[in-house]
Amino acid sequence: MSREWARPIPGADGVSSTYWEAGARGELLFQQCPACGNRQLYPRALCTACGETPEWVQASGRGTVHTFTIIRQNYAKPFRDELPYVVAIVELEEGPRLMSNVTGVPADEVSIGLPVEVYFEVAAEGIGVPFFRPI
């Protein structure tokens with residue numbers, strides 16, 4: 001998608017800045033708890049299972065579409081220019097799930113179980129946003 005970023009820019013904070021900076025380098029990270037092994041994504045300050053401080057782990061970038069919807073109406077710029085588009089929950093090979101767009105395939109050809117891989121768009125300096133495309 002190498003185009004100028006027109007969507008809202010995600011807000012990086014003390015918890016999520018590592019995630020966004022890795023994305024700007026083309027790396028997808030998730031968090032894993034060193035105490036209980038729980039894996040989680042989106043970034044949080046504490047493990048959602050036991051309350052310990054999670055560590056960052058690099059994901060393979062591969063996963064499958066767990067569920068999705070096709071957006072056919074959205075009158076807000078810039079989304080109206082992208083219709084129809086797919087918003088999906090992607091389950092990474094490592095287990096965590098994240099919400100993203102699936103691109104590079106007609107929206108009506110996306111299906112549950114579709115194998116996908118991550119790629120990134122740089123929204124701003126130090127902020128890379130993950131998108132997925134079919135493998």
# chains A, B, ... in the order shown; residues from 1 in each chain; ligands from 1
>>> residues_around(residues="Pro84 in chain A", least_positions_apart="6", cutoff="12 Å", atoms="only C-alpha atoms", output="PyMOL selection string")
chain A and resi 69-75+101-103+105-110
>>> write_last_selection(atoms="N, CA and C atoms", output="mmCIF file, in the first residue's frame")
data_model
loop_
_atom_site.group_PDB
_atom_site.id
_atom_site.type_symbol
_atom_site.label_atom_id
_atom_site.label_comp_id
_atom_site.auth_asym_id
_atom_site.auth_seq_id
_atom_site.Cartn_x
_atom_site.Cartn_y
_atom_site.Cartn_z
ATOM 1 N N THR A 69 -15.664 -8.924 9.134
ATOM 2 C CA THR A 69 -16.846 -8.272 8.583
ATOM 3 C C THR A 69 -16.403 -7.449 7.383
ATOM 4 N N ILE A 70 -17.298 -7.252 6.466
ATOM 5 C CA ILE A 70 -17.030 -6.410 5.301
ATOM 6 C C ILE A 70 -17.753 -5.088 5.515
ATOM 7 N N ILE A 71 -17.001 -4.016 5.507
ATOM 8 C CA ILE A 71 -17.570 -2.687 5.660
ATOM 9 C C ILE A 71 -17.935 -2.183 4.268
ATOM 10 N N ARG A 72 -19.200 -1.948 4.068
ATOM 11 C CA ARG A 72 -19.692 -1.482 2.760
ATOM 12 C C ARG A 72 -20.174 -0.050 2.800
ATOM 13 N N GLN A 73 -20.396 0.492 3.997
ATOM 14 C CA GLN A 73 -20.825 1.877 4.147
ATOM 15 C C GLN A 73 -19.989 2.539 5.222
ATOM 16 N N ASN A 74 -19.351 3.618 4.883
ATOM 17 C CA ASN A 74 -18.615 4.440 5.837
ATOM 18 C C ASN A 74 -18.411 5.772 5.145
ATOM 19 N N TYR A 75 -19.018 6.794 5.671
ATOM 20 C CA TYR A 75 -18.980 8.088 4.995
ATOM 21 C C TYR A 75 -17.848 8.981 5.484
ATOM 22 N N ASN A 101 -7.032 -4.883 9.154
ATOM 23 C CA ASN A 101 -7.663 -5.007 7.842
ATOM 24 C C ASN A 101 -6.976 -6.106 7.055
ATOM 25 N N VAL A 102 -7.754 -6.820 6.247
ATOM 26 C CA VAL A 102 -7.214 -7.778 5.294
ATOM 27 C C VAL A 102 -7.316 -7.112 3.934
ATOM 28 N N THR A 103 -6.194 -7.018 3.243
ATOM 29 C CA THR A 103 -6.122 -6.344 1.952
ATOM 30 C C THR A 103 -5.526 -7.285 0.916
ATOM 31 N N VAL A 105 -6.944 -8.707 -1.588
ATOM 32 C CA VAL A 105 -7.885 -9.712 -2.058
ATOM 33 C C VAL A 105 -9.262 -9.043 -2.080
ATOM 34 N N PRO A 106 -10.100 -9.367 -3.069
ATOM 35 C CA PRO A 106 -11.453 -8.798 -3.045
ATOM 36 C C PRO A 106 -12.154 -9.151 -1.729
ATOM 37 N N ALA A 107 -12.870 -8.194 -1.173
ATOM 38 C CA ALA A 107 -13.523 -8.384 0.127
ATOM 39 C C ALA A 107 -14.388 -9.638 0.154
ATOM 40 N N ASP A 108 -15.085 -9.925 -0.922
ATOM 41 C CA ASP A 108 -15.983 -11.087 -0.954
ATOM 42 C C ASP A 108 -15.239 -12.421 -1.022
ATOM 43 N N GLU A 109 -13.915 -12.391 -1.185
ATOM 44 C CA GLU A 109 -13.132 -13.622 -1.216
ATOM 45 C C GLU A 109 -12.458 -13.943 0.120
ATOM 46 N N VAL A 110 -12.613 -13.063 1.112
ATOM 47 C CA VAL A 110 -12.075 -13.330 2.440
ATOM 48 C C VAL A 110 -12.984 -14.348 3.119
#
>>> residues_around(residues="Gly95 in chain A", least_positions_apart="3", cutoff="9 Å", atoms="only C-alpha atoms", output="VMD selection string")
chain A and resid 39 to 40 63 91 to 92
>>> write_last_selection(atoms="N, CA and C atoms", output="short mmCIF file (atom, residue, chain, number, x, y, z; two decimals), in the first residue's frame")
data_model
loop_
_atom_site.label_atom_id
_atom_site.label_comp_id
_atom_site.auth_asym_id
_atom_site.auth_seq_id
_atom_site.Cartn_x
_atom_site.Cartn_y
_atom_site.Cartn_z
N ARG A 39 0.00 -15.25 26.64
CA ARG A 39 0.34 -14.39 25.50
C ARG A 39 -0.83 -13.46 25.25
N GLN A 40 -0.52 -12.18 24.99
CA GLN A 40 -1.57 -11.20 24.81
C GLN A 40 -1.20 -10.14 23.79
N GLY A 63 -0.75 -15.86 10.30
CA GLY A 63 -1.92 -16.23 11.09
C GLY A 63 -3.06 -16.61 10.17
N GLU A 91 -5.93 -14.44 14.06
CA GLU A 91 -5.29 -15.24 15.10
C GLU A 91 -3.88 -15.57 14.63
N LEU A 92 -2.89 -15.07 15.36
CA LEU A 92 -1.50 -15.31 15.00
C LEU A 92 -1.13 -16.77 15.26
#
>>> atom_distance(atom1="CA of Leu28 in chain A", atom2="CA of Arg133 in chain A")
14.2 Å
>>> select_by_dssp(residues="chain A", states="alpha helix (DSSP H)", output="count of residues only")
8
>>> residues_around(residues="Ala12 in chain A", least_positions_apart="4", cutoff="10 Å", atoms="only C-alpha atoms", output="PyMOL selection string")
chain A and resi 16-21+126-127
>>> select_by_dssp(residues="range 17-54 of chain A", states="strand (DSSP E or B)", output="NGL selection string")
:A and (29-32 or 39-40)
>>> residues_around(residues="Ile89 in chain A", least_positions_apart="4", cutoff="8 Å", atoms="only C-alpha atoms", output="ChimeraX atom specification")
/A:65-68,97-100
>>> write_last_selection(atoms="C-alpha atoms", output="short mmCIF file (atom, residue, chain, number, x, y, z; two decimals), in the first residue's frame")
data_model
loop_
_atom_site.label_atom_id
_atom_site.label_comp_id
_atom_site.auth_asym_id
_atom_site.auth_seq_id
_atom_site.Cartn_x
_atom_site.Cartn_y
_atom_site.Cartn_z
CA VAL A 65 -8.65 -14.99 9.77
CA HIS A 66 -10.61 -15.91 12.91
CA THR A 67 -13.65 -13.79 12.05
CA PHE A 68 -14.34 -10.74 9.90
CA ARG A 97 -5.49 -12.26 18.18
CA LEU A 98 -5.58 -8.74 16.85
CA MET A 99 -7.95 -6.62 14.83
CA SER A 100 -6.73 -5.35 11.48
#
